[in-house]
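Visitor: Structure: structure_35.cif, mmCIF, C-alpha atoms.
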```cif
data_final
loop_
_atom_site.group_PDB
_atom_site.id
_atom_site.type_symbol
_atom_site.label_atom_id
_atom_site.label_comp_id
_atom_site.auth_asym_id
_atom_site.auth_seq_id
_atom_site.Cartn_x
_atom_site.Cartn_y
_atom_site.Cartn_z
ATOM 1 C CA MET A 1 134.236 75.274 121.449
ATOM 2 C CA CYS A 2 136.404 74.779 118.381
ATOM 3 C CA SER A 3 136.422 76.954 115.293
ATOM 4 C CA VAL A 4 138.483 77.667 112.232
ATOM 5 C CA THR A 5 139.544 80.835 110.479
ATOM 6 C CA PHE A 6 138.443 80.879 106.868
ATOM 7 C CA GLY A 7 140.421 83.978 105.909
ATOM 8 C CA GLY A 8 137.677 85.183 103.609
ATOM 9 C CA ALA A 9 138.227 82.391 101.067
ATOM 10 C CA TYR A 10 135.278 80.268 102.148
ATOM 11 C CA ASP A 11 132.005 81.646 100.850
ATOM 12 C CA LYS A 12 129.518 79.008 101.981
ATOM 13 C CA LYS A 13 126.949 80.086 104.520
ATOM 14 C CA TRP A 14 126.319 78.056 107.661
ATOM 15 C CA TRP A 15 122.976 78.844 109.158
ATOM 16 C CA SER A 16 121.051 77.449 112.050
ATOM 17 C CA PHE A 17 117.406 78.134 111.347
ATOM 18 C CA PRO A 18 115.306 79.231 114.301
ATOM 19 C CA SER A 19 112.896 76.740 115.820
ATOM 20 C CA PHE A 20 109.844 78.545 114.448
ATOM 21 C CA LEU A 21 110.776 77.070 111.047
ATOM 22 C CA ASP A 22 110.492 73.508 112.378
ATOM 23 C CA ASN A 23 107.030 73.486 110.813
ATOM 24 C CA GLY A 24 108.380 74.585 107.451
ATOM 25 C CA PHE A 25 108.012 77.932 105.761
ATOM 26 C CA GLY A 26 104.218 77.654 105.527
ATOM 27 C CA PRO A 27 103.257 80.162 108.236
ATOM 28 C CA ALA A 28 105.709 82.779 106.963
ATOM 29 C CA ILE A 29 104.637 82.278 103.343
ATOM 30 C CA GLU A 30 100.948 82.440 104.260
ATOM 31 C CA LYS A 31 101.489 85.720 106.083
ATOM 32 C CA LEU A 32 103.528 87.268 103.258
ATOM 33 C CA TYR A 33 101.257 86.106 100.437
ATOM 34 C CA LYS A 34 97.878 86.136 102.202
ATOM 35 C CA ASP A 35 96.239 87.944 99.265
ATOM 36 C CA TYR A 36 97.229 85.073 96.947
ATOM 37 C CA LEU A 37 95.992 82.081 98.937
ATOM 38 C CA PRO A 38 95.464 79.228 98.392
ATOM 39 C CA LEU A 39 98.770 78.387 96.730
ATOM 40 C CA THR A 40 98.493 74.658 97.415
ATOM 41 C CA PHE A 41 95.712 72.163 97.733
ATOM 42 C CA LYS A 42 95.546 69.335 100.165
ATOM 43 C CA ALA A 43 93.327 66.447 99.175
ATOM 44 C CA ARG A 44 92.424 65.664 102.774
ATOM 45 C CA MET A 45 90.878 69.119 103.156
ATOM 46 C CA THR A 46 88.546 68.840 100.173
ATOM 47 C CA THR A 47 84.827 68.272 100.257
ATOM 48 C CA TYR A 48 85.333 64.553 99.723
ATOM 49 C CA PRO A 49 87.881 63.372 102.323
ATOM 50 C CA GLN A 50 87.063 59.727 101.581
ATOM 51 C CA LEU A 51 88.571 60.186 98.118
ATOM 52 C CA SER A 52 92.029 61.161 99.326
ATOM 53 C CA ALA A 53 93.492 61.673 95.838
ATOM 54 C CA TYR A 54 90.555 63.740 94.594
ATOM 55 C CA VAL A 55 90.987 67.492 94.246
ATOM 56 C CA PRO A 56 88.096 69.474 92.768
ATOM 57 C CA GLU A 57 88.817 71.120 89.408
ATOM 58 C CA SER A 58 87.649 74.474 90.764
ATOM 59 C CA LEU A 59 90.334 74.345 93.483
ATOM 60 C CA LYS A 60 92.969 73.398 90.909
ATOM 61 C CA ARG A 61 91.955 76.372 88.757
ATOM 62 C CA THR A 62 91.992 78.714 91.768
ATOM 63 C CA VAL A 63 95.474 77.593 92.839
ATOM 64 C CA LYS A 64 96.805 77.953 89.287
ATOM 65 C CA ALA A 65 95.239 81.407 88.923
ATOM 66 C CA ASN A 66 96.721 82.490 92.270
ATOM 67 C CA TRP A 67 100.182 81.298 91.215
ATOM 68 C CA ASP A 68 99.859 83.088 87.865
ATOM 69 C CA ARG A 69 98.835 86.301 89.612
ATOM 70 C CA LEU A 70 101.567 86.023 92.269
ATOM 71 C CA GLU A 71 104.246 85.297 89.671
ATOM 72 C CA GLN A 72 103.168 88.250 87.547
ATOM 73 C CA ASP A 73 103.111 90.572 90.578
ATOM 74 C CA ILE A 74 106.543 89.385 91.754
ATOM 75 C CA LEU A 75 108.048 89.935 88.300
ATOM 76 C CA THR A 76 106.390 93.347 88.063
ATOM 77 C CA GLU A 77 107.810 94.341 91.458
ATOM 78 C CA ALA A 78 111.308 93.208 90.437
ATOM 79 C CA ASN A 79 111.072 95.063 87.135
ATOM 80 C CA THR A 80 109.629 98.215 88.721
ATOM 81 C CA LEU A 81 112.208 98.483 91.526
ATOM 82 C CA TRP A 82 115.269 97.358 89.558
ATOM 83 C CA GLN A 83 116.271 100.795 88.243
ATOM 84 C CA PRO A 84 115.371 102.741 91.413
ATOM 85 C CA CYS A 85 117.542 100.315 93.409
ATOM 86 C CA ILE A 86 120.453 100.778 91.001
ATOM 87 C CA ASP A 87 120.038 104.576 91.164
ATOM 88 C CA CYS A 88 120.005 104.529 94.971
ATOM 89 C CA LEU A 89 123.191 102.470 95.046
ATOM 90 C CA ARG A 90 124.902 104.879 92.656
ATOM 91 C CA ASN A 91 123.881 107.801 94.871
ATOM 92 C CA GLY A 92 124.934 106.078 98.079
ATOM 93 C CA GLU A 93 121.349 105.871 99.329
ATOM 94 C CA ARG A 94 119.473 102.986 100.846
ATOM 95 C CA PRO A 95 117.491 101.125 98.167
ATOM 96 C CA PRO A 96 113.742 100.676 98.643
ATOM 97 C CA ASP A 97 112.498 97.495 100.318
ATOM 98 C CA TYR A 98 110.679 94.872 98.319
ATOM 99 C CA THR A 99 107.252 93.694 99.422
ATOM 100 C CA LEU A 100 106.489 90.451 97.584
ATOM 101 C CA LEU A 101 110.205 89.835 97.248
ATOM 102 C CA ALA A 102 110.792 90.608 100.945
ATOM 103 C CA PRO A 103 112.715 87.341 101.509
ATOM 104 C CA LEU A 104 115.288 88.765 99.071
ATOM 105 C CA ASN A 105 115.636 92.146 100.827
ATOM 106 C CA HIS A 106 119.179 91.143 101.791
ATOM 107 C CA ARG A 107 120.043 91.890 98.151
ATOM 108 C CA ALA A 108 120.536 95.490 97.130
ATOM 109 C CA SER A 109 118.542 94.870 93.949
ATOM 110 C CA VAL A 110 116.654 91.957 92.418
ATOM 111 C CA SER A 111 116.873 91.409 88.668
ATOM 112 C CA LEU A 112 114.080 89.890 86.630
ATOM 113 C CA GLN A 113 116.048 86.637 86.327
ATOM 114 C CA ILE A 114 116.563 86.391 90.092
ATOM 115 C CA ALA A 115 112.827 87.027 90.583
ATOM 116 C CA LYS A 116 111.988 84.225 88.117
ATOM 117 C CA ASP A 117 114.332 81.890 89.977
ATOM 118 C CA TYR A 118 112.709 82.899 93.273
ATOM 119 C CA VAL A 119 109.234 82.050 91.912
ATOM 120 C CA LEU A 120 110.494 78.668 90.704
ATOM 121 C CA ARG A 121 111.969 77.896 94.141
ATOM 122 C CA LEU A 122 108.796 79.094 95.827
ATOM 123 C CA LYS A 123 106.765 76.682 93.698
ATOM 124 C CA LYS A 124 109.119 73.840 94.654
ATOM 125 C CA LEU A 125 108.589 74.707 98.324
ATOM 126 C CA ALA A 126 104.819 74.651 97.803
ATOM 127 C CA VAL A 127 104.947 71.199 96.209
ATOM 128 C CA ASN A 128 107.027 69.991 99.145
ATOM 129 C CA GLY A 129 104.582 71.251 101.792
ATOM 130 C CA TRP A 130 106.653 74.427 102.408
ATOM 131 C CA PHE A 131 109.681 72.426 103.510
ATOM 132 C CA PRO A 132 113.032 72.767 101.705
ATOM 133 C CA GLU A 133 114.173 69.782 99.639
ATOM 134 C CA GLN A 134 117.384 69.661 101.637
ATOM 135 C CA SER A 135 117.639 70.657 105.265
ATOM 136 C CA PRO A 136 120.006 73.555 105.889
ATOM 137 C CA ARG A 137 123.350 72.706 107.421
ATOM 138 C CA PRO A 138 123.689 73.805 111.044
ATOM 139 C CA ALA A 139 126.013 76.618 111.997
ATOM 140 C CA LEU A 140 129.541 75.262 112.218
ATOM 141 C CA GLY A 141 130.225 76.940 115.548
ATOM 142 C CA TYR A 142 127.030 75.404 116.901
ATOM 143 C CA VAL A 143 127.837 71.775 116.133
ATOM 144 C CA GLY A 144 131.620 71.715 115.709
ATOM 145 C CA PHE A 145 133.833 69.895 113.227
ATOM 146 C CA GLY A 146 133.038 66.428 114.528
ATOM 147 C CA GLU A 147 129.453 66.779 113.351
ATOM 148 C CA VAL A 148 130.317 67.759 109.775
ATOM 149 C CA ALA A 149 133.779 66.357 109.091
ATOM 150 C CA GLY A 150 134.495 63.678 111.690
ATOM 151 C CA GLU A 151 134.328 59.934 111.204
ATOM 152 C CA SER A 152 130.824 59.783 112.671
ATOM 153 C CA ALA A 153 129.486 62.577 110.429
ATOM 154 C CA TRP A 154 127.317 60.594 108.068
ATOM 155 C CA ALA A 155 124.129 62.670 107.876
ATOM 156 C CA SER A 156 125.691 66.102 107.582
ATOM 157 C CA HIS A 157 129.130 65.168 106.229
ATOM 158 C CA ASP A 158 130.887 67.965 104.363
ATOM 159 C CA GLU A 159 133.765 66.659 102.271
ATOM 160 C CA PHE A 160 135.086 70.171 101.608
ATOM 161 C CA ILE A 161 135.696 70.760 105.309
ATOM 162 C CA ALA A 162 136.948 67.228 105.938
ATOM 163 C CA LYS A 163 139.515 67.580 103.117
ATOM 164 C CA ALA A 164 140.691 70.970 104.398
ATOM 165 C CA LEU A 165 141.207 69.521 107.873
ATOM 166 C CA ARG A 166 142.992 66.390 106.565
ATOM 167 C CA SER A 167 145.342 68.442 104.396
ATOM 168 C CA GLU A 168 145.955 70.750 107.376
ATOM 169 C CA SER A 169 145.180 73.837 105.288
ATOM 170 C CA TRP A 170 142.863 74.653 108.177
ATOM 171 C CA SER A 171 143.664 74.176 111.806
ATOM 172 C CA ILE A 172 141.280 73.762 114.694
ATOM 173 C CA VAL A 173 141.581 76.451 117.355
ATOM 174 C CA ASP A 174 140.215 75.915 120.839
ATOM 175 C CA GLN A 175 138.696 79.304 121.656
ATOM 176 C CA SER A 176 137.824 78.320 125.203
ATOM 177 C CA LYS A 177 141.442 78.771 126.285
#
```
Translate the structure described by the file into structure tokens.
Guide:
Amino acid sequence: MCSVTFGGAYDKKWWSFPSFLDNGFGPAIEKLYKDYLPLTFKARMTTYPQLSAYVPESLKRTVKANWDRLEQDILTEANTLWQPCIDCLRNGERPPDYTLLAPLNHRASVSLQIAKDYVLRLKKLAVNGWFPEQSPRPALGYVGFGEVAGESAWASHDEFIAKALRSESWSIVDQSK
């Protein structure tokens, strides 16, 4: 296995998502926001499957109302916990966990602007069937440099890494020896 030392200068994250996300984020989102469902509508699941583009107005109104309610509750949670999180950090204590903003619990605190951005991204996921617009890059140690910076790396090519290797500012280290 080959790897490179980034020396703390490289801040991009390389994640390999677990296989349970192969079906998108739908199951996780549905579990987290079960009190706000439905958040999407699928024409094929309506009363009139023969009219594939038809979505009843009542379903459209329900989905919009659920999004409005979820957005308001997310922003309220961010606003309510912002100061307590800051206070905990100042006192060296563990900040409280978010509920609706649980996917952002890796942050010590979530500002109102970050919460608004989260809602926007959540809506984009919903429109895309709970799949991200761009697939995450695999972990570098999992696939190696050939996959992301080699001549055959067309799907997941990363010019930043390729340039660093060409300029020899990074060197490949064989950790198996």
Visitor: Using the chain letters and residue numbers of this document, give as a ChimeraX atom specification the residues selected by the PyMOL selection byres ((chain A and resi 39) around 8).
Guide: /A:36-38,40-41,63-64,66-67,126
Visitor: Distance atom CA of A:Arg69-atom CA of A:Gln113, one decimal place?
Guide: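 Taking atom CA of A:Arg69 and atom CA of A:Gln113, their separation equals 17.5 Å.
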Visitor: By how many Å are atom CA of A:Leu112 and atom CA of A:Arg90 apart?
Guide: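 Calculated distance between atom CA of A:Leu112 and atom CA of A:Arg90 is 19.4 Å.
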Visitor: How far is it from atom CA of A:Cys88 to atom CA of A:Ile29, in Å with one decimal?
Guide: 28.3 Å
Visitor: Taking (117.9, 91.9, 98.9) in the coordinates of the supplied file, I want to know which residues reach to within 12 Å of it, counting all atoms listed in the file; could you give the answer as a list in words?
Guide: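 In the file's frame, the residues around the point are Ala78, Leu81, Trp82, Cys85, Arg94, Pro95, Pro96, Asp97, Tyr98, Thr99, Leu100, Leu101, Ala102, Pro103, Leu104, Asn105, His106, Arg107, Ala108, Ser109, Val110, Ser111, Ile114, Ala115 and Tyr118 of chain A.
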Visitor: Rank nothing, just name the residue among A:Ala162, A:Leu59, A:Leu70, A:Leu75 nearest to A:Lys34, using only C-alpha atoms.
Guide: A:Leu70
Visitor: Taking into account all atoms listed in the file, which residue in the set A:Gln134, A:Asn79, A:Asn91, A:Asn128 is nearest to A:Lys116?
Guide: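 Going through A:Gln134, A:Asn79, A:Asn91, A:Asn128 one by one, the smallest distance to A:Lys116 is for A:Asn79.
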